[in-house]
Amino acid sequence: MVKKILLLGSGYVARPCADYLLRRDDNRLTVASRRIERARALCPTHKNATAISLDVADPAALSRAVAEHDLVISLVPYTLHAQVIKAAIEHKKHVVTTSYISPAMAELHEAAVKAGITVFNEIGVDPGVDHLYALKTIWETHEAGGKMVHFTSYCGGLPAPECSNNPLGYKFSWSSRGVLLALRNAAKYIENGKEKVIPGPELLKSAKPIWTGYPAFAFEGYPNRDSTPYDVRYGIPEAQTILRGTLRYQGFPEFMQAMVDLGFLDDAERPFLVEASGAKSWRAVLSSMLGLPADATTDALERAVVAKAKPADAAATQRLLDGMRWIGLFDASAAAPLRGNPLDSLCATLEAKMQYADGERDMVFLQHRFEIQTKDGARKTITSTLVEYGTEQASAMAKTVGVPCGVATQLVLDGVINTRGVIAPMTRETVFPLIRELEKEDIVMHEVTY
């Protein structure tokens, strides 16, 4: 029987998702984007793919499009998911997203159950693949009579080591603004049985070296959002530590903390960054940010930067100043993009300087670390690790987000996943079918026990 799928969005992760679904001759895929040329570019020649222009923010147009399909994949900004789900409830159509379940989405659970539809979420890499393999090992530990003592999980979307060729050791595989905004989020986790809270302005100061068992990787990690619900979500109330975090290469957290301290992640409007204020260099902007006169010397600017950012030592000072020079912040000839506020102005410059060049590849590194107590009282450590590199066909991030999304979509369409309501992959009925299909696509976390 023909299955009609509406794919909302044509961004970074859409192509691997579309390619996976179009392997099946009985699938018909409609790719929707505000700009139809972007939708056409996703599947330009496939006989079972159609492109349309659609503004998801237009409720009437969205409703009409949803009504004509069996399932909707929502790869639009997460703030629009609730609107998509409401349209799907109205027409009794399934939905799949890669996003965390927001409060606005969770409120639609009962309505989705009543409509008899599945709204399946959190099925990318993080969240997504991380859930699957965390639960697999936790369930196996409990079934063997053991208990979870400490659980930590770190994930990073990064340039492959040979492509980390800038002072930040980072390049953008998705929205630069989203990356920088995430650095302002507060974090909560459980450590040694106690809840710890890291305020947003202090997040990057909490970064520490993360040993993964791969000596070639110099990683640092910091907590990501709120890990405290995972004692319930993962069924590990006995765990003394529960932390889900973000990985970056060594030096990134310290450099970006300096950017926070200097005010560059502030999105409040500044008069000197408004276009009407007139063109100016980054050096002039930096002078204004530091409260110095426009003709301040480089030495004066550097002293002010160090005084405000307070690098830990001489080496950190050198890395900070070198990084700022590389961005162009001391340059009197480098025009600053005037976007109204420091955050968006910095984003515009970093986007231009930190893209992947032709032939460069990205990497996704995901690792869980379980410290368990076995039934007989012995202590063991288990690591579960995914290392994925980008190829000419797709970036590592696009593959590890887009393919799980496509797999979940197919399992919902085939009736393998048939739980109704707004759900995430947290049950055996969803986790194991997903693992089986993802392993066929060579997306797998490998376990090592110490």
# chains A, B, ... in the order shown; residues from 1 in each chain; ligands from 1
$ select_by_dssp --residues "stretch 278-374 of chain A" --states "helix (DSSP H, G or I)" --output "JSON, numbers by chain"
{"A": [282, 283, 284, 285, 286, 287, 288, 289, 290, 298, 299, 300, 301, 302, 303, 304, 305, 306, 307, 308, 309, 314, 315, 316, 317, 318, 319, 320, 321, 322, 323, 324, 325, 326, 327, 342, 343, 344, 345, 346, 347, 348, 349, 350, 351, 352, 353]}
$ write_last_selection --atoms "C-alpha atoms" --output "PDB file, in the first residue's frame"
ATOM      1  CA  TRP A 282      35.729  45.061  14.572  1.00  0.00           C
ATOM      2  CA  ARG A 283      38.492  46.962  16.332  1.00  0.00           C
ATOM      3  CA  ALA A 284      36.124  49.910  16.825  1.00  0.00           C
ATOM      4  CA  VAL A 285      33.394  47.555  18.075  1.00  0.00           C
ATOM      5  CA  LEU A 286      35.802  45.895  20.510  1.00  0.00           C
ATOM      6  CA  SER A 287      36.843  49.327  21.802  1.00  0.00           C
ATOM      7  CA  SER A 288      33.193  50.197  22.436  1.00  0.00           C
ATOM      8  CA  MET A 289      32.566  46.827  24.110  1.00  0.00           C
ATOM      9  CA  LEU A 290      35.482  47.479  26.474  1.00  0.00           C
ATOM     10  CA  THR A 298      46.374  47.338  20.413  1.00  0.00           C
ATOM     11  CA  ASP A 299      48.302  47.019  23.676  1.00  0.00           C
ATOM     12  CA  ALA A 300      45.547  48.848  25.538  1.00  0.00           C
ATOM     13  CA  LEU A 301      42.863  46.633  23.982  1.00  0.00           C
ATOM     14  CA  GLU A 302      44.764  43.465  24.843  1.00  0.00           C
ATOM     15  CA  ARG A 303      45.331  44.589  28.440  1.00  0.00           C
ATOM     16  CA  ALA A 304      41.615  45.379  28.793  1.00  0.00           C
ATOM     17  CA  VAL A 305      40.644  41.988  27.333  1.00  0.00           C
ATOM     18  CA  VAL A 306      42.917  40.141  29.765  1.00  0.00           C
ATOM     19  CA  ALA A 307      41.717  42.212  32.722  1.00  0.00           C
ATOM     20  CA  LYS A 308      38.075  41.469  31.939  1.00  0.00           C
ATOM     21  CA  ALA A 309      38.335  37.832  30.814  1.00  0.00           C
ATOM     22  CA  ALA A 314      50.080  32.767  30.262  1.00  0.00           C
ATOM     23  CA  ALA A 315      49.263  29.958  27.849  1.00  0.00           C
ATOM     24  CA  ALA A 316      45.517  30.616  28.154  1.00  0.00           C
ATOM     25  CA  THR A 317      46.162  34.331  27.627  1.00  0.00           C
ATOM     26  CA  GLN A 318      48.079  33.595  24.452  1.00  0.00           C
ATOM     27  CA  ARG A 319      45.332  31.281  23.143  1.00  0.00           C
ATOM     28  CA  LEU A 320      42.662  33.885  23.860  1.00  0.00           C
ATOM     29  CA  LEU A 321      44.485  36.730  22.136  1.00  0.00           C
ATOM     30  CA  ASP A 322      45.491  34.537  19.193  1.00  0.00           C
ATOM     31  CA  GLY A 323      41.885  33.426  18.771  1.00  0.00           C
ATOM     32  CA  MET A 324      40.570  36.972  18.886  1.00  0.00           C
ATOM     33  CA  ARG A 325      43.157  38.035  16.293  1.00  0.00           C
ATOM     34  CA  TRP A 326      42.117  35.135  14.058  1.00  0.00           C
ATOM     35  CA  ILE A 327      38.474  36.219  14.262  1.00  0.00           C
ATOM     36  CA  PRO A 342      27.026  41.426  19.901  1.00  0.00           C
ATOM     37  CA  LEU A 343      25.725  37.857  19.570  1.00  0.00           C
ATOM     38  CA  ASP A 344      24.347  38.186  16.055  1.00  0.00           C
ATOM     39  CA  SER A 345      27.253  40.329  14.889  1.00  0.00           C
ATOM     40  CA  LEU A 346      29.733  37.716  16.135  1.00  0.00           C
ATOM     41  CA  CYS A 347      27.642  34.914  14.585  1.00  0.00           C
ATOM     42  CA  ALA A 348      27.836  36.550  11.176  1.00  0.00           C
ATOM     43  CA  THR A 349      31.629  36.717  11.339  1.00  0.00           C
ATOM     44  CA  LEU A 350      32.089  33.196  12.728  1.00  0.00           C
ATOM     45  CA  GLU A 351      29.745  31.713  10.112  1.00  0.00           C
ATOM     46  CA  ALA A 352      31.931  33.169   7.374  1.00  0.00           C
ATOM     47  CA  LYS A 353      35.189  31.937   8.931  1.00  0.00           C
TER      48      LYS A 353
END
$ residues_around --residues "A:Val431" --least-positions-apart "4" --cutoff "8 Å" --atoms "only C-alpha atoms" --output "list in words"
Leu132, Leu135, Lys136, Pro425, Met426, Thr427 and Ile435 of chain A
$ residues_around --residues "A:Thr98" --least-positions-apart "5" --cutoff "10 Å" --atoms "only C-alpha atoms" --output "VMD selection string"
chain A and resid 13 73 to 76 78 120 to 128 401 to 402 404 to 405 408 424
$ closest_residue --among "A:Val56, A:Ala279, A:Leu168, A:Gly193" --to "A:Ala258" --atoms "only C-alpha atoms"
A:Leu168
$ residues_around --residues "A:His150" --least-positions-apart "6" --cutoff "7 Å" --atoms "only C-alpha atoms" --output "ChimeraX atom specification"
/A:239-242,370-372
$ write_last_selection --atoms "N, CA and C atoms" --output "PDB file, in the first residue's frame"
ATOM      1  N   ALA A 239      20.995   5.632  40.901  1.00  0.00           N
ATOM      2  CA  ALA A 239      22.250   6.214  40.427  1.00  0.00           C
ATOM      3  C   ALA A 239      22.653   7.421  41.267  1.00  0.00           C
ATOM      4  N   GLN A 240      23.907   7.455  41.659  1.00  0.00           N
ATOM      5  CA  GLN A 240      24.440   8.570  42.440  1.00  0.00           C
ATOM      6  C   GLN A 240      24.886   9.737  41.561  1.00  0.00           C
ATOM      7  N   THR A 241      25.179   9.440  40.295  1.00  0.00           N
ATOM      8  CA  THR A 241      25.560  10.470  39.328  1.00  0.00           C
ATOM      9  C   THR A 241      24.777  10.257  38.047  1.00  0.00           C
ATOM     10  N   ILE A 242      24.160  11.315  37.541  1.00  0.00           N
ATOM     11  CA  ILE A 242      23.483  11.292  36.240  1.00  0.00           C
ATOM     12  C   ILE A 242      23.812  12.615  35.558  1.00  0.00           C
ATOM     13  N   PHE A 370      29.063   3.887  32.088  1.00  0.00           N
ATOM     14  CA  PHE A 370      28.254   3.312  33.156  1.00  0.00           C
ATOM     15  C   PHE A 370      29.187   2.721  34.210  1.00  0.00           C
ATOM     16  N   GLU A 371      29.044   3.150  35.436  1.00  0.00           N
ATOM     17  CA  GLU A 371      29.742   2.486  36.548  1.00  0.00           C
ATOM     18  C   GLU A 371      28.682   1.715  37.312  1.00  0.00           C
ATOM     19  N   ILE A 372      28.820   0.388  37.312  1.00  0.00           N
ATOM     20  CA  ILE A 372      27.762  -0.460  37.851  1.00  0.00           C
ATOM     21  C   ILE A 372      28.270  -1.311  39.001  1.00  0.00           C
TER      22      ILE A 372
END
$ atom_distance --atom1 "atom CA of A:Val387" --atom2 "atom CA of A:Val364"
5.8 Å
$ closest_residue --among "A:Ala88, A:Ile443, A:Ala144, A:Ala82" --to "A:Met397" --atoms "only C-alpha atoms"
A:Ile443
$ atom_distance --atom1 "atom CA of A:Glu162" --atom2 "atom CA of A:Thr246"
20.3 Å
$ closest_residue --among "A:Phe172, A:Glu140, A:Asp261, A:Val444" --to "A:Gly200" --atoms "only C-alpha atoms"
A:Asp261
$ residues_around --residues "stretch 212-214 of chain A" --least-positions-apart "4" --cutoff "12 Å" --atoms "only C-alpha atoms" --output "MDAnalysis selection string"
chainID A and resid 152:155 218:221 247 365:369 381:387 447:450
$ residues_around --residues "A:Ser281" --least-positions-apart "6" --cutoff "9 Å" --atoms "only C-alpha atoms" --output "list in words"
Leu329, Phe330, Asp331, Ala332, Ser333, Ala334, Ala335, Ala336 and Pro337 of chain A
$ closest_residue --among "A:Met354, A:Ile52, A:Ile117, A:Leu6" --to "A:Leu29" --atoms "only C-alpha atoms"
A:Leu6
$ residues_around --residues "A:Tyr389" --least-positions-apart "2" --cutoff "8 Å" --atoms "only C-alpha atoms" --output "ChimeraX atom specification"
/A:160,361-364,387,391,395-396
$ decode --residues "stretch 31-50 of chain A" --atoms "N, CA and C atoms" --output "mmCIF file, in the first residue's frame"
data_model
loop_
_atom_site.group_PDB
_atom_site.id
_atom_site.type_symbol
_atom_site.label_atom_id
_atom_site.label_comp_id
_atom_site.auth_asym_id
_atom_site.auth_seq_id
_atom_site.Cartn_x
_atom_site.Cartn_y
_atom_site.Cartn_z
ATOM 1 N N VAL A 31 8.421 16.966 -0.208
ATOM 2 C CA VAL A 31 9.361 17.821 0.524
ATOM 3 C C VAL A 31 8.839 19.247 0.470
ATOM 4 N N ALA A 32 8.633 19.840 1.652
ATOM 5 C CA ALA A 32 8.055 21.180 1.738
ATOM 6 C C ALA A 32 9.061 22.153 2.333
ATOM 7 N N SER A 33 9.228 23.282 1.682
ATOM 8 C CA SER A 33 10.092 24.342 2.161
ATOM 9 C C SER A 33 9.502 25.673 1.728
ATOM 10 N N ARG A 34 9.798 26.720 2.479
ATOM 11 C CA ARG A 34 9.305 28.040 2.065
ATOM 12 C C ARG A 34 9.831 28.399 0.677
ATOM 13 N N ARG A 35 11.066 28.044 0.421
ATOM 14 C CA ARG A 35 11.659 28.273 -0.911
ATOM 15 C C ARG A 35 11.635 26.959 -1.670
ATOM 16 N N ILE A 36 10.806 26.889 -2.702
ATOM 17 C CA ILE A 36 10.597 25.617 -3.397
ATOM 18 C C ILE A 36 11.872 25.099 -4.041
ATOM 19 N N GLU A 37 12.796 26.019 -4.421
ATOM 20 C CA GLU A 37 14.032 25.546 -5.037
ATOM 21 C C GLU A 37 14.857 24.713 -4.067
ATOM 22 N N ARG A 38 14.767 25.013 -2.763
ATOM 23 C CA ARG A 38 15.477 24.209 -1.771
ATOM 24 C C ARG A 38 14.835 22.836 -1.654
ATOM 25 N N ALA A 39 13.526 22.775 -1.710
ATOM 26 C CA ALA A 39 12.837 21.487 -1.664
ATOM 27 C C ALA A 39 13.171 20.659 -2.897
ATOM 28 N N ARG A 40 13.203 21.308 -4.062
ATOM 29 C CA ARG A 40 13.534 20.592 -5.303
ATOM 30 C C ARG A 40 14.956 20.059 -5.275
ATOM 31 N N ALA A 41 15.862 20.813 -4.670
ATOM 32 C CA ALA A 41 17.268 20.400 -4.639
ATOM 33 C C ALA A 41 17.489 19.157 -3.789
ATOM 34 N N LEU A 42 16.578 18.870 -2.877
ATOM 35 C CA LEU A 42 16.757 17.734 -1.973
ATOM 36 C C LEU A 42 16.646 16.407 -2.717
ATOM 37 N N CYS A 43 15.663 16.286 -3.585
ATOM 38 C CA CYS A 43 15.444 15.048 -4.345
ATOM 39 C C CYS A 43 15.115 15.432 -5.793
ATOM 40 N N PRO A 44 16.106 15.920 -6.533
ATOM 41 C CA PRO A 44 15.805 16.534 -7.826
ATOM 42 C C PRO A 44 15.291 15.595 -8.902
ATOM 43 N N THR A 45 15.621 14.306 -8.814
ATOM 44 C CA THR A 45 15.276 13.406 -9.926
ATOM 45 C C THR A 45 14.443 12.195 -9.513
ATOM 46 N N HIS A 46 14.183 12.006 -8.229
ATOM 47 C CA HIS A 46 13.512 10.775 -7.806
ATOM 48 C C HIS A 46 12.037 10.808 -8.185
ATOM 49 N N LYS A 47 11.581 9.720 -8.807
ATOM 50 C CA LYS A 47 10.206 9.666 -9.310
ATOM 51 C C LYS A 47 9.167 9.686 -8.205
ATOM 52 N N ASN A 48 9.544 9.306 -6.996
ATOM 53 C CA ASN A 48 8.577 9.256 -5.887
ATOM 54 C C ASN A 48 8.661 10.469 -4.961
ATOM 55 N N ALA A 49 9.388 11.504 -5.390
ATOM 56 C CA ALA A 49 9.534 12.701 -4.564
ATOM 57 C C ALA A 49 8.956 13.913 -5.288
ATOM 58 N N THR A 50 8.254 14.752 -4.526
ATOM 59 C CA THR A 50 7.635 15.965 -5.046
ATOM 60 C C THR A 50 8.020 17.132 -4.148
#
